[in-house]
file protein.cif (mmCIF, C-alpha atoms and all ligand atoms)
data_data
loop_
_atom_site.label_atom_id
_atom_site.label_comp_id
_atom_site.auth_asym_id
_atom_site.auth_seq_id
_atom_site.Cartn_x
_atom_site.Cartn_y
_atom_site.Cartn_z
CA MET I 1 -2.26 5.21 -25.90
CA LYS I 2 -4.66 2.58 -27.22
CA PRO I 3 -4.19 -0.83 -25.53
CA ILE I 4 -2.41 -3.33 -27.77
CA ALA I 5 -4.46 -6.51 -27.97
CA LYS I 6 -3.34 -9.96 -29.07
CA SER I 7 -4.72 -11.25 -32.36
CA SER I 8 -8.11 -12.91 -32.47
CA LYS I 9 -6.34 -15.95 -33.97
CA LEU I 10 -5.13 -16.67 -30.44
CA ALA I 11 -8.64 -16.79 -28.96
CA ASN I 12 -8.73 -20.60 -28.84
CA VAL I 13 -5.03 -21.21 -28.46
CA GLY I 14 -3.67 -22.40 -25.15
CA TYR I 15 -0.48 -23.99 -23.87
CA ASP I 16 -0.94 -24.56 -20.15
CA ILE I 17 2.35 -26.45 -19.72
CA ARG I 18 3.90 -23.00 -19.62
CA GLY I 19 0.84 -21.23 -18.22
CA PRO I 20 -0.09 -19.15 -15.15
CA VAL I 21 0.91 -21.77 -12.56
CA LEU I 22 4.44 -21.72 -13.99
CA ASP I 23 4.48 -17.93 -13.69
CA LYS I 24 3.68 -18.30 -9.99
CA ALA I 25 6.47 -20.88 -9.64
CA ARG I 26 8.94 -18.45 -11.21
CA GLN I 27 7.89 -15.76 -8.80
CA MET I 28 8.34 -18.12 -5.84
CA GLU I 29 11.81 -19.09 -7.09
CA GLU I 30 12.75 -15.44 -7.39
CA GLU I 31 11.78 -15.11 -3.74
CA GLY I 32 14.29 -17.86 -2.94
CA GLN I 33 11.97 -20.85 -2.54
CA ARG I 34 13.06 -24.24 -3.93
CA ILE I 35 10.40 -25.90 -6.02
CA ILE I 36 10.39 -29.54 -7.10
CA LYS I 37 9.40 -29.56 -10.74
CA LEU I 38 7.30 -32.40 -12.04
CA ASN I 39 5.94 -30.22 -14.82
CA ILE I 40 8.01 -30.39 -18.01
CA GLY I 41 9.99 -32.96 -19.95
CA ASN I 42 13.14 -30.85 -20.03
CA VAL I 43 15.61 -33.69 -19.63
CA ALA I 44 18.71 -31.49 -19.28
CA ALA I 45 17.23 -29.74 -16.23
CA PHE I 46 17.45 -33.07 -14.38
CA GLY I 47 21.08 -33.80 -15.14
CA LEU I 48 20.37 -35.98 -18.19
CA MET I 49 22.84 -34.38 -20.53
CA PRO I 50 23.29 -35.02 -24.28
CA PRO I 51 25.58 -37.95 -25.13
CA ASP I 52 29.31 -37.01 -25.20
CA GLU I 53 29.69 -38.06 -28.83
CA ILE I 54 27.03 -35.57 -29.91
CA VAL I 55 28.54 -32.75 -27.85
CA ARG I 56 32.06 -33.43 -29.19
CA ASP I 57 30.89 -33.50 -32.80
CA MET I 58 28.88 -30.36 -32.27
CA ILE I 59 31.98 -28.54 -30.99
CA HIS I 60 34.09 -29.95 -33.82
CA ASN I 61 31.59 -28.88 -36.48
CA LEU I 62 30.67 -25.50 -35.12
CA PRO I 63 33.24 -23.25 -36.88
CA SER I 64 32.64 -24.71 -40.34
CA GLN I 65 28.86 -24.67 -39.93
CA VAL I 66 28.75 -21.06 -38.94
CA ALA I 67 30.87 -20.28 -41.99
CA ALA I 68 28.59 -22.33 -44.23
CA GLY I 69 25.57 -20.09 -43.59
CA TYR I 70 22.02 -21.08 -44.49
CA THR I 71 21.39 -24.60 -45.72
CA ASP I 72 18.77 -25.95 -48.09
CA SER I 73 15.43 -25.08 -46.49
CA LYS I 74 14.61 -28.75 -45.87
CA GLY I 75 18.05 -29.25 -44.34
CA LEU I 76 21.53 -30.59 -45.10
CA PHE I 77 21.76 -33.73 -47.21
CA ALA I 78 23.75 -35.93 -44.81
CA PRO I 79 21.46 -35.67 -41.75
CA ARG I 80 18.39 -36.05 -43.97
CA LYS I 81 20.00 -39.18 -45.40
CA ALA I 82 20.54 -40.41 -41.84
CA VAL I 83 16.81 -39.90 -41.24
CA VAL I 84 16.06 -41.88 -44.44
CA HIS I 85 18.12 -44.74 -43.02
CA TYR I 86 16.23 -44.44 -39.76
CA THR I 87 12.92 -44.79 -41.63
CA GLN I 88 14.34 -47.94 -43.22
CA GLU I 89 15.11 -49.34 -39.77
CA LYS I 90 11.54 -48.53 -38.80
CA ARG I 91 10.25 -50.22 -41.97
CA ILE I 92 8.64 -47.12 -43.41
CA SER I 93 8.92 -47.72 -47.12
CA GLY I 94 9.61 -45.46 -50.06
CA VAL I 95 11.18 -42.51 -48.21
CA THR I 96 13.78 -40.44 -50.07
CA VAL I 97 15.84 -37.46 -48.92
CA ASP I 98 13.23 -35.28 -50.61
CA ASP I 99 10.58 -36.46 -48.13
CA VAL I 100 12.59 -35.41 -45.06
CA TYR I 101 12.35 -31.94 -43.50
CA LEU I 102 14.61 -30.85 -40.65
CA GLY I 103 13.34 -28.33 -38.14
CA ASN I 104 14.15 -26.41 -34.98
CA GLY I 105 12.65 -29.23 -32.95
CA ALA I 106 9.64 -31.28 -33.97
CA SER I 107 7.48 -28.42 -32.66
CA GLU I 108 8.25 -26.14 -35.59
CA LEU I 109 7.43 -28.89 -38.07
CA ILE I 110 4.19 -29.84 -36.32
CA ALA I 111 3.07 -26.22 -36.68
CA MET I 112 4.22 -26.13 -40.30
CA SER I 113 2.35 -29.32 -41.20
CA MET I 114 -0.95 -27.92 -39.91
CA ASN I 115 -0.44 -24.44 -41.34
CA ALA I 116 0.11 -25.89 -44.79
CA LEU I 117 -3.10 -27.94 -44.61
CA LEU I 118 -5.94 -26.27 -42.82
CA ASP I 119 -8.68 -23.87 -43.82
CA ALA I 120 -11.50 -22.56 -41.65
CA GLY I 121 -13.91 -25.39 -40.90
CA ASP I 122 -11.39 -28.19 -41.45
CA GLU I 123 -11.33 -30.64 -38.56
CA VAL I 124 -8.43 -32.60 -37.16
CA LEU I 125 -8.91 -35.52 -34.77
CA ILE I 126 -6.60 -35.20 -31.77
CA PRO I 127 -6.33 -37.47 -28.74
CA SER I 128 -7.67 -36.43 -25.35
CA PRO I 129 -5.54 -36.17 -23.33
CA ASP I 130 -2.96 -34.82 -25.79
CA TYR I 131 0.36 -33.06 -25.95
CA PRO I 132 -1.35 -29.67 -26.22
CA LEU I 133 0.83 -28.27 -28.99
CA HIS I 134 -1.24 -30.27 -31.47
CA THR I 135 -4.53 -28.71 -30.38
CA ALA I 136 -2.96 -25.25 -30.22
CA VAL I 137 -1.49 -25.34 -33.74
CA VAL I 138 -4.67 -26.72 -35.29
CA SER I 139 -6.55 -23.74 -33.81
CA LEU I 140 -3.83 -21.29 -34.78
CA SER I 141 -3.88 -22.64 -38.34
CA GLY I 142 -7.58 -21.85 -38.57
CA GLY I 143 -8.77 -25.46 -38.21
CA THR I 144 -10.97 -27.04 -35.57
CA PRO I 145 -9.53 -29.57 -33.14
CA VAL I 146 -11.93 -32.46 -32.45
CA HIS I 147 -10.82 -34.60 -29.54
CA TYR I 148 -11.18 -38.37 -29.48
CA ARG I 149 -11.09 -40.05 -26.12
CA CYS I 150 -8.32 -42.30 -24.94
CA ASP I 151 -9.61 -44.91 -22.54
CA GLU I 152 -7.93 -45.07 -19.15
CA GLY I 153 -9.58 -48.44 -18.46
CA SER I 154 -7.70 -50.00 -21.38
CA GLY I 155 -4.34 -48.44 -20.52
CA TRP I 156 -5.10 -45.13 -22.24
CA LEU I 157 -5.53 -46.61 -25.72
CA PRO I 158 -7.50 -44.55 -28.25
CA ASP I 159 -11.20 -45.41 -28.29
CA LEU I 160 -11.78 -46.48 -31.90
CA ASP I 161 -15.57 -46.13 -31.67
CA ASP I 162 -15.15 -42.57 -30.47
CA ILE I 163 -12.79 -41.86 -33.39
CA ARG I 164 -15.30 -43.33 -35.88
CA ALA I 165 -18.14 -41.34 -34.33
CA LYS I 166 -16.20 -38.10 -34.63
CA VAL I 167 -15.13 -38.38 -38.26
CA SER I 168 -17.17 -35.90 -40.31
CA ALA I 169 -17.20 -34.66 -43.89
CA ASN I 170 -14.81 -31.92 -42.73
CA THR I 171 -12.21 -34.19 -41.10
CA LYS I 172 -8.85 -33.84 -42.81
CA ALA I 173 -6.48 -35.69 -40.53
CA ILE I 174 -5.91 -37.64 -37.35
CA VAL I 175 -3.07 -37.05 -34.88
CA VAL I 176 -1.59 -40.13 -33.22
CA ILE I 177 0.88 -39.55 -30.36
CA ASN I 178 2.65 -42.86 -29.80
CA PRO I 179 4.38 -43.30 -27.36
CA ASN I 180 2.04 -40.92 -25.64
CA ASN I 181 2.60 -37.77 -23.69
CA PRO I 182 0.97 -37.35 -21.11
CA THR I 183 -0.14 -40.95 -20.42
CA GLY I 184 2.96 -43.05 -21.21
CA ALA I 185 0.83 -45.40 -23.34
CA LEU I 186 2.39 -47.42 -26.16
CA TYR I 187 -0.01 -48.61 -28.85
CA PRO I 188 -0.19 -52.24 -30.01
CA VAL I 189 0.16 -52.98 -33.73
CA ASP I 190 -3.45 -54.16 -34.12
CA LEU I 191 -4.76 -50.88 -32.79
CA LEU I 192 -2.47 -48.93 -35.12
CA LYS I 193 -3.79 -51.01 -38.03
CA ASP I 194 -7.36 -50.15 -37.04
CA ILE I 195 -6.47 -46.45 -37.02
CA VAL I 196 -4.90 -46.82 -40.47
CA GLU I 197 -8.09 -48.49 -41.68
CA ILE I 198 -10.18 -45.55 -40.47
CA ALA I 199 -7.76 -43.16 -42.18
CA ARG I 200 -7.96 -45.19 -45.39
CA GLN I 201 -11.77 -45.27 -45.38
CA HIS I 202 -12.11 -41.53 -44.84
CA GLN I 203 -8.98 -40.37 -46.68
CA LEU I 204 -7.42 -38.81 -43.61
CA ILE I 205 -3.78 -37.84 -43.28
CA VAL I 206 -2.14 -39.53 -40.30
CA PHE I 207 0.09 -37.18 -38.30
CA ALA I 208 2.28 -39.44 -36.19
CA ASP I 209 4.19 -37.86 -33.30
CA GLU I 210 6.78 -40.50 -32.36
CA ILE I 211 9.29 -38.38 -30.46
CA TYR I 212 9.52 -40.96 -27.63
CA ASP I 213 9.96 -44.00 -29.87
CA LYS I 214 13.16 -45.12 -28.08
CA THR I 215 12.05 -44.21 -24.57
CA LEU I 216 10.52 -47.63 -23.90
CA TYR I 217 10.38 -49.69 -20.68
CA ASP I 218 10.06 -53.40 -19.92
CA GLY I 219 11.44 -54.56 -23.27
CA ASN I 220 8.57 -53.00 -25.20
CA GLU I 221 9.00 -52.31 -28.90
CA HIS I 222 7.65 -49.44 -30.96
CA THR I 223 5.99 -49.73 -34.36
CA SER I 224 5.81 -46.67 -36.59
CA ILE I 225 2.26 -46.35 -37.84
CA ALA I 226 3.66 -45.24 -41.22
CA SER I 227 5.21 -48.70 -41.63
CA LEU I 228 1.74 -50.26 -41.80
CA ALA I 229 0.46 -48.98 -45.15
CA ASP I 230 1.52 -47.42 -48.44
CA ASP I 231 -1.92 -46.20 -49.47
CA VAL I 232 -2.45 -43.58 -46.74
CA LEU I 233 -0.52 -40.32 -46.37
CA PHE I 234 1.62 -40.19 -43.23
CA VAL I 235 3.55 -37.31 -41.73
CA THR I 236 5.83 -38.61 -38.99
CA PHE I 237 7.59 -36.37 -36.43
CA ASN I 238 10.65 -37.23 -34.41
CA GLY I 239 13.83 -35.59 -33.14
CA LEU I 240 16.72 -35.51 -30.73
CA SER I 241 15.04 -33.79 -27.78
CA LYS I 242 14.03 -36.86 -25.81
CA ASN I 243 15.65 -40.03 -27.14
CA TYR I 244 19.02 -38.24 -27.30
CA ARG I 245 18.52 -35.89 -24.34
CA SER I 246 19.27 -32.92 -26.58
CA CYS I 247 16.17 -30.74 -26.34
CA GLY I 248 18.24 -27.55 -26.17
CA TYR I 249 19.74 -28.30 -29.58
CA ARG I 250 16.30 -27.77 -31.15
CA SER I 251 16.68 -30.52 -33.66
CA GLY I 252 13.81 -32.49 -35.13
CA TRP I 253 12.55 -33.97 -38.36
CA MET I 254 9.40 -34.67 -40.31
CA VAL I 255 8.96 -37.44 -42.86
CA VAL I 256 6.24 -37.51 -45.51
CA SER I 257 5.50 -41.06 -46.61
CA GLY I 258 2.84 -43.37 -48.05
CA GLU I 259 0.33 -42.17 -50.64
CA LYS I 260 2.06 -39.00 -51.85
CA ARG I 261 0.61 -38.96 -55.37
CA TYR I 262 -2.51 -37.01 -54.37
CA ALA I 263 -0.64 -34.72 -52.00
CA LYS I 264 1.43 -32.70 -54.48
CA ASP I 265 -0.28 -29.45 -53.64
CA TYR I 266 0.02 -30.00 -49.89
CA ILE I 267 3.70 -30.88 -50.27
CA GLU I 268 4.18 -27.68 -52.26
CA GLY I 269 2.68 -25.84 -49.28
CA LEU I 270 5.07 -27.59 -46.90
CA ASN I 271 8.01 -26.67 -49.12
CA MET I 272 6.95 -23.06 -49.21
CA LEU I 273 6.63 -22.82 -45.43
CA ALA I 274 9.99 -24.54 -45.03
CA SER I 275 11.57 -21.94 -47.35
CA MET I 276 9.94 -19.03 -45.56
CA ARG I 277 11.83 -19.81 -42.36
CA LEU I 278 15.01 -20.34 -44.48
CA CYS I 279 16.33 -23.39 -42.62
CA ALA I 280 16.70 -25.08 -39.25
CA ASN I 281 19.77 -24.22 -37.13
CA THR I 282 22.75 -25.98 -38.68
CA PRO I 283 24.53 -27.25 -35.52
CA GLY I 284 21.27 -28.99 -34.57
CA GLN I 285 21.00 -30.48 -38.06
CA MET I 286 24.52 -31.91 -37.89
CA ALA I 287 23.83 -33.54 -34.54
CA ILE I 288 21.20 -35.78 -36.20
CA GLN I 289 23.78 -37.68 -38.18
CA THR I 290 25.93 -38.37 -35.12
CA ALA I 291 22.93 -39.38 -33.02
CA LEU I 292 21.27 -41.75 -35.45
CA GLY I 293 24.56 -43.34 -36.50
CA GLY I 294 25.73 -43.88 -32.93
CA TYR I 295 24.62 -45.96 -30.00
CA GLN I 296 24.21 -43.36 -27.29
CA SER I 297 20.45 -43.02 -27.23
CA ILE I 298 18.40 -43.17 -24.09
CA LYS I 299 18.51 -46.99 -24.05
CA ASP I 300 20.74 -47.42 -20.98
CA LEU I 301 18.51 -45.17 -18.90
CA VAL I 302 15.35 -47.17 -19.64
CA ALA I 303 16.95 -50.65 -19.39
CA PRO I 304 16.86 -52.73 -16.16
CA GLY I 305 18.87 -50.83 -13.52
CA GLY I 306 18.57 -47.62 -15.57
CA ARG I 307 17.76 -44.34 -13.90
CA LEU I 308 14.53 -43.60 -15.76
CA LEU I 309 13.15 -47.09 -15.19
CA LYS I 310 13.80 -46.82 -11.44
CA GLN I 311 12.17 -43.40 -11.33
CA ARG I 312 9.12 -44.62 -13.25
CA ASP I 313 8.69 -47.58 -10.87
CA LEU I 314 9.08 -45.49 -7.73
CA ALA I 315 6.71 -42.75 -8.90
CA TRP I 316 4.11 -45.26 -10.06
CA GLU I 317 4.20 -47.25 -6.81
CA MET I 318 4.11 -44.19 -4.57
CA MET I 319 1.28 -42.52 -6.48
CA ASN I 320 -0.84 -45.67 -6.54
CA ALA I 321 -0.44 -46.06 -2.78
CA ILE I 322 -2.19 -42.73 -2.09
CA PRO I 323 -5.87 -43.24 -1.20
CA GLY I 324 -8.21 -42.24 -4.03
CA VAL I 325 -5.38 -42.06 -6.58
CA SER I 326 -4.90 -44.54 -9.42
CA VAL I 327 -2.30 -44.48 -12.19
CA VAL I 328 -1.84 -46.54 -15.33
CA LYS I 329 1.77 -47.74 -15.44
CA PRO I 330 3.60 -45.97 -18.28
CA LYS I 331 5.08 -48.30 -20.89
CA ALA I 332 7.09 -45.48 -22.48
CA ALA I 333 8.04 -41.78 -22.41
CA LEU I 334 8.60 -39.68 -19.27
CA TYR I 335 5.13 -39.10 -17.89
CA MET I 336 2.18 -40.52 -16.03
CA PHE I 337 -1.35 -39.17 -15.78
CA PRO I 338 -2.76 -40.00 -12.32
CA ARG I 339 -6.49 -40.00 -11.67
CA LEU I 340 -7.89 -38.38 -8.55
CA ASP I 341 -11.16 -40.09 -7.69
CA PRO I 342 -13.75 -37.26 -7.78
CA LYS I 343 -15.64 -38.84 -4.87
CA VAL I 344 -12.55 -38.49 -2.71
CA TYR I 345 -11.23 -35.25 -4.23
CA PRO I 346 -14.12 -33.12 -5.50
CA ILE I 347 -11.94 -30.75 -7.55
CA ALA I 348 -13.91 -28.06 -9.37
CA ASP I 349 -10.95 -26.26 -10.98
CA ASP I 350 -7.79 -28.25 -11.52
CA GLN I 351 -5.66 -25.21 -12.36
CA GLN I 352 -6.56 -23.90 -8.92
CA PHE I 353 -5.65 -27.33 -7.53
CA ALA I 354 -2.20 -27.13 -9.16
CA TYR I 355 -1.80 -23.58 -7.87
CA GLU I 356 -2.59 -24.56 -4.29
CA LEU I 357 -0.28 -27.58 -4.43
CA LEU I 358 2.48 -25.25 -5.58
CA GLU I 359 1.79 -22.64 -2.90
CA GLN I 360 1.44 -25.08 -0.04
CA GLU I 361 3.98 -27.77 -0.92
CA ARG I 362 6.27 -26.18 -3.53
CA VAL I 363 5.64 -28.98 -6.02
CA LEU I 364 4.87 -28.04 -9.62
CA ILE I 365 2.63 -30.24 -11.76
CA VAL I 366 0.41 -29.49 -14.78
CA GLN I 367 -3.33 -29.96 -14.40
CA GLY I 368 -5.07 -32.52 -16.63
CA THR I 369 -7.30 -30.01 -18.41
CA GLY I 370 -4.07 -28.45 -19.74
CA PHE I 371 -3.83 -31.59 -21.90
CA ASN I 372 -7.33 -31.13 -23.27
CA TRP I 373 -8.72 -33.68 -20.86
CA PRO I 374 -12.33 -32.60 -20.21
CA ASP I 375 -12.65 -33.27 -16.46
CA PRO I 376 -10.73 -31.73 -13.53
CA ASP I 377 -9.70 -35.13 -12.16
CA HIS I 378 -6.19 -35.79 -13.49
CA PHE I 379 -2.76 -34.23 -13.57
CA ARG I 380 0.48 -34.98 -15.34
CA LEU I 381 3.52 -36.02 -13.40
CA VAL I 382 6.97 -35.98 -15.02
CA PHE I 383 9.21 -38.62 -13.47
CA LEU I 384 12.52 -37.02 -14.48
CA PRO I 385 13.70 -35.88 -11.01
CA ASN I 386 16.07 -38.25 -9.21
CA LEU I 387 14.75 -40.78 -6.68
CA ASP I 388 15.29 -38.52 -3.66
CA ASP I 389 13.47 -35.59 -5.21
CA LEU I 390 10.67 -37.81 -6.50
CA THR I 391 10.21 -39.37 -3.05
CA GLU I 392 10.13 -35.93 -1.46
CA ALA I 393 7.76 -34.52 -4.08
CA ILE I 394 5.27 -37.38 -4.01
CA GLY I 395 5.38 -37.35 -0.19
CA ARG I 396 4.37 -33.68 -0.36
CA ILE I 397 1.61 -34.45 -2.88
CA GLU I 398 0.32 -37.13 -0.49
CA ARG I 399 0.30 -34.65 2.40
CA PHE I 400 -1.51 -32.07 0.28
CA LEU I 401 -4.11 -34.62 -0.82
CA ALA I 402 -4.66 -35.74 2.78
CA GLY I 403 -5.51 -32.11 3.60
CA TYR I 404 -7.76 -31.94 0.55
CA ARG I 405 -9.74 -34.99 1.74
CA LYS I 406 -10.53 -33.27 5.02
CA ARG I 407 -12.03 -30.17 3.42
N1 LIG M 501 5.87 -34.00 -29.27
C1 LIG M 501 5.69 -34.43 -28.02
C2 LIG M 501 4.72 -35.54 -27.76
C3 LIG M 501 6.40 -33.84 -26.96
O1 LIG M 501 6.22 -34.29 -25.71
C4 LIG M 501 7.28 -32.78 -27.23
C5 LIG M 501 8.00 -32.09 -26.14
O2 LIG M 501 7.77 -32.29 -24.98
C6 LIG M 501 7.44 -32.36 -28.55
C7 LIG M 501 6.71 -32.98 -29.55
C8 LIG M 501 8.35 -31.22 -28.92
O3 LIG M 501 9.57 -31.69 -29.31
P1 LIG M 501 10.79 -30.77 -29.82
O4 LIG M 501 11.66 -30.51 -28.65
O5 LIG M 501 11.46 -31.63 -30.86
O6 LIG M 501 10.21 -29.54 -30.40
#
call {"tool": "encode", "arguments": {"input": "protein.cif", "output": "structure tokens"}}
result
Amino acid sequence: MKPIAKSSKLANVGYDIRGPVLDKARQMEEEGQRIIKLNIGNVAAFGLMPPDEIVRDMIHNLPSQVAAGYTDSKGLFAPRKAVVHYTQEKRISGVTVDDVYLGNGASELIAMSMNALLDAGDEVLIPSPDYPLHTAVVSLSGGTPVHYRCDEGSGWLPDLDDIRAKVSANTKAIVVINPNNPTGALYPVDLLKDIVEIARQHQLIVFADEIYDKTLYDGNEHTSIASLADDVLFVTFNGLSKNYRSCGYRSGWMVVSGEKRYAKDYIEGLNMLASMRLCANTPGQMAIQTALGGYQSIKDLVAPGGRLLKQRDLAWEMMNAIPGVSVVKPKAALYMFPRLDPKVYPIADDQQFAYELLEQERVLIVQGTGFNWPDPDHFRLVFLPNLDDLTEAIGRIERFLAGYRKR
């Protein structure tokens, strides 16, 4: 038989968070080894379960939802209305139910938003490092990802000069991930305004991934970039996966706001793609209304004394204490992106580095280049495991690095 090859569309598409190192980890687990996982933001896997109120409502609603069948392709009215109210809280103006799309997680909608927009040769500005879905879907949609650098020296804020230098006649849009995965950065309002100004000057769409907008430490507040202008087109993504610890419910939303008058054709494209997949799962849709109307977000876990805050502090202190390692303290989200000084750790291939760490110490991380970071000198650490597991895991990383220094 002829070998069956994957499509050429996938040539530049990668998603290393679930790549070959994870395959090795699976194999080791099948052999009975226990691995400490600092690799993905799957909150439920670390005992952070969805709020009771959401679970109870989900159970209550399940029989009638199944009976109700498909919904409108953008989603049910009531949860979309709840999202409209949420945009009002976030001071995004002019949003109606018509501008809200519900999806099977934000991921589906991120892919939809790029598929509806891009032709061959179109460029999209994406942060480096990024949450790699954005780069992958731009490539899959036929566009070209162009990475702008985030500056570790300034707390991983986007480098505005680099953004300006990379805008070309083909640039269609800019992706802003705030709060950021993988760095934990939270962007100040002035910086967001500067990004809006660049978008305004060059007529770029702003794609704002704000899925961690309630996962904030140290009393920090989040500003939605879409609240800062009416004369730029914004597409904002959010959902229940992180702020409401409900990633298994696959429930997210997308809001189109700002200058919609010139975007009729694009919006038609979005509507068509939304109809083609019929609708998002209905139990997940219904959970949105309960979540946004209630009080059981992630707030208690990130507040003083909260589990996530303690874990962030411990991981940050322990990582920074390792010779040749430095880490910007995350202000938000569930991740940090430590730097391994290349003079101390001359790593040529960071996937190999992650592989060896897994084999030798049974700790799973994702290498920095998996987040479209150009150099093999970073990795992402997820601080979701409890304090004991984090202490054990970072102790093992320290031991591994000590061995690496002696090579
Ligand atoms: N955006 C960012 C920045 C993420 O970190 C993730 C998941 O880790 C997603 C989107 C995907 O979210 P969802 O579970 O809603 O598809």
call {"tool": "residues_around", "arguments": {"input": "protein.cif", "residues": "Ser246 of chain I", "least_positions_apart": "2", "cutoff": "10 Å", "atoms": "all atoms listed in the file", "output": "list of chain:residue names"}}
result
I:Asn42, I:Val43, I:Ala44, I:Leu48, I:Met49, I:Pro50, I:Pro51, I:Ile54, I:Val55, I:Gly105, I:Gly239, I:Leu240, I:Ser241, I:Lys242, I:Asn243, I:Tyr244, I:Gly248, I:Tyr249, I:Arg250, I:Ser251, I:Gly284, I:Ala287, I:Ala291
call {"tool": "residues_around", "arguments": {"input": "protein.cif", "residues": "Lys310 of chain I", "least_positions_apart": "6", "cutoff": "12 Å", "atoms": "all atoms listed in the file", "output": "CSV table (one decimal) with C-alpha atoms, in the coordinates of the input"}}
result
chain,number,residue,atom,x,y,z
I,217,TYR,CA,10.4,-49.7,-20.7
I,218,ASP,CA,10.1,-53.4,-19.9
I,300,ASP,CA,20.7,-47.4,-21.0
I,301,LEU,CA,18.5,-45.2,-18.9
I,302,VAL,CA,15.4,-47.2,-19.6
I,303,ALA,CA,17.0,-50.6,-19.4
I,304,PRO,CA,16.9,-52.7,-16.2
I,316,TRP,CA,4.1,-45.3,-10.1
I,317,GLU,CA,4.2,-47.2,-6.8
I,334,LEU,CA,8.6,-39.7,-19.3
I,383,PHE,CA,9.2,-38.6,-13.5
I,384,LEU,CA,12.5,-37.0,-14.5
I,385,PRO,CA,13.7,-35.9,-11.0
I,386,ASN,CA,16.1,-38.2,-9.2
I,387,LEU,CA,14.8,-40.8,-6.7
I,388,ASP,CA,15.3,-38.5,-3.7
I,390,LEU,CA,10.7,-37.8,-6.5
I,391,THR,CA,10.2,-39.4,-3.0
call {"tool": "closest_atom_pairs", "arguments": {"input": "protein.cif", "of": "chain I", "to": "ligand LIG 501 (chain M)", "cutoff": "9 Å", "atoms": "only C-alpha atoms and all ligand atoms", "output": "Markdown table"}}
result
| residue | atom | partner | partner_atom | distance |
| --- | --- | --- | --- | --- |
| I:Ile40 | CA | M:LIG501 | O2 | 7.2 |
| I:Gly41 | CA | M:LIG501 | O2 | 5.5 |
| I:Asn42 | CA | M:LIG501 | O2 | 7.4 |
| I:Gly103 | CA | M:LIG501 | O5 | 8.2 |
| I:Asn104 | CA | M:LIG501 | O6 | 6.8 |
| I:Gly105 | CA | M:LIG501 | O5 | 3.4 |
| I:Ala106 | CA | M:LIG501 | O5 | 3.6 |
| I:Ser107 | CA | M:LIG501 | O6 | 3.7 |
| I:Glu108 | CA | M:LIG501 | O6 | 6.5 |
| I:Leu109 | CA | M:LIG501 | O6 | 8.2 |
| I:Ile110 | CA | M:LIG501 | C7 | 7.9 |
| I:Asp130 | CA | M:LIG501 | C2 | 8.0 |
| I:Tyr131 | CA | M:LIG501 | C2 | 5.3 |
| I:Pro132 | CA | M:LIG501 | C2 | 8.6 |
| I:Leu133 | CA | M:LIG501 | C7 | 7.6 |
| I:His134 | CA | M:LIG501 | N1 | 8.3 |
| I:Ile177 | CA | M:LIG501 | C2 | 6.1 |
| I:Asn178 | CA | M:LIG501 | C2 | 7.9 |
| I:Pro179 | CA | M:LIG501 | C2 | 7.8 |
| I:Asn180 | CA | M:LIG501 | C2 | 6.4 |
| I:Asn181 | CA | M:LIG501 | C2 | 5.1 |
| I:Pro182 | CA | M:LIG501 | O1 | 7.6 |
| I:Asp209 | CA | M:LIG501 | N1 | 5.8 |
| I:Glu210 | CA | M:LIG501 | C2 | 7.1 |
| I:Ile211 | CA | M:LIG501 | N1 | 5.7 |
| I:Tyr212 | CA | M:LIG501 | C2 | 7.2 |
| I:Phe237 | CA | M:LIG501 | C7 | 7.7 |
| I:Asn238 | CA | M:LIG501 | O5 | 6.7 |
| I:Gly239 | CA | M:LIG501 | O5 | 5.1 |
| I:Leu240 | CA | M:LIG501 | O5 | 6.5 |
| I:Ser241 | CA | M:LIG501 | O4 | 4.8 |
| I:Lys242 | CA | M:LIG501 | O4 | 7.3 |
| I:Ser246 | CA | M:LIG501 | O4 | 8.2 |
| I:Cys247 | CA | M:LIG501 | O4 | 5.1 |
| I:Gly248 | CA | M:LIG501 | O4 | 7.6 |
| I:Tyr249 | CA | M:LIG501 | O4 | 8.4 |
| I:Arg250 | CA | M:LIG501 | O4 | 5.9 |
| I:Ser251 | CA | M:LIG501 | O5 | 6.0 |
| I:Gly252 | CA | M:LIG501 | O5 | 4.9 |
| I:Trp253 | CA | M:LIG501 | O5 | 7.9 |
| I:Ala333 | CA | M:LIG501 | O1 | 8.4 |
| I:Leu334 | CA | M:LIG501 | O1 | 8.7 |
call {"tool": "atom_distance", "arguments": {"input": "protein.cif", "atom1": "atom CA of Glu123 of chain I", "atom2": "atom CA of Asn271 of chain I"}}
result
22.4 Å
call {"tool": "atom_distance", "arguments": {"input": "protein.cif", "atom1": "atom CA of Phe337 of chain I", "atom2": "atom CA of His378 of chain I"}}
result
6.3 Å
call {"tool": "closest_residue", "arguments": {"input": "protein.cif", "among": "I:Gly395, I:Pro188, I:Gly155, I:Pro127", "to": "Val176 of chain I", "atoms": "all atoms listed in the file"}}
result
I:Pro127
call {"tool": "atom_distance", "arguments": {"input": "protein.cif", "atom1": "atom CA of Pro376 of chain I", "atom2": "atom CA of Pro346 of chain I"}}
result
8.8 Å
call {"tool": "closest_residue", "arguments": {"input": "protein.cif", "among": "I:Leu340, I:Ala185, I:Leu381, I:Ala136", "to": "Gly14 of chain I", "atoms": "all atoms listed in the file"}}
result
I:Ala136
call {"tool": "closest_residue", "arguments": {"input": "protein.cif", "among": "I:Lys37, I:Ile365, I:Thr282, I:Tyr355", "to": "Asp389 of chain I", "atoms": "all atoms listed in the file"}}
result
I:Lys37
call {"tool": "closest_atom_pairs", "arguments": {"input": "protein.cif", "of": "segment 296-406 of chain I", "to": "segment 138-149 of chain I", "cutoff": "10 Å", "atoms": "all atoms listed in the file", "output": "Markdown table"}}
result
| residue | atom | partner | partner_atom | distance |
| --- | --- | --- | --- | --- |
| I:Asn372 | CA | I:His147 | CA | 8.0 |
| I:Trp373 | CA | I:Arg149 | CA | 8.6 |
| I:Pro374 | CA | I:Arg149 | CA | 9.6 |
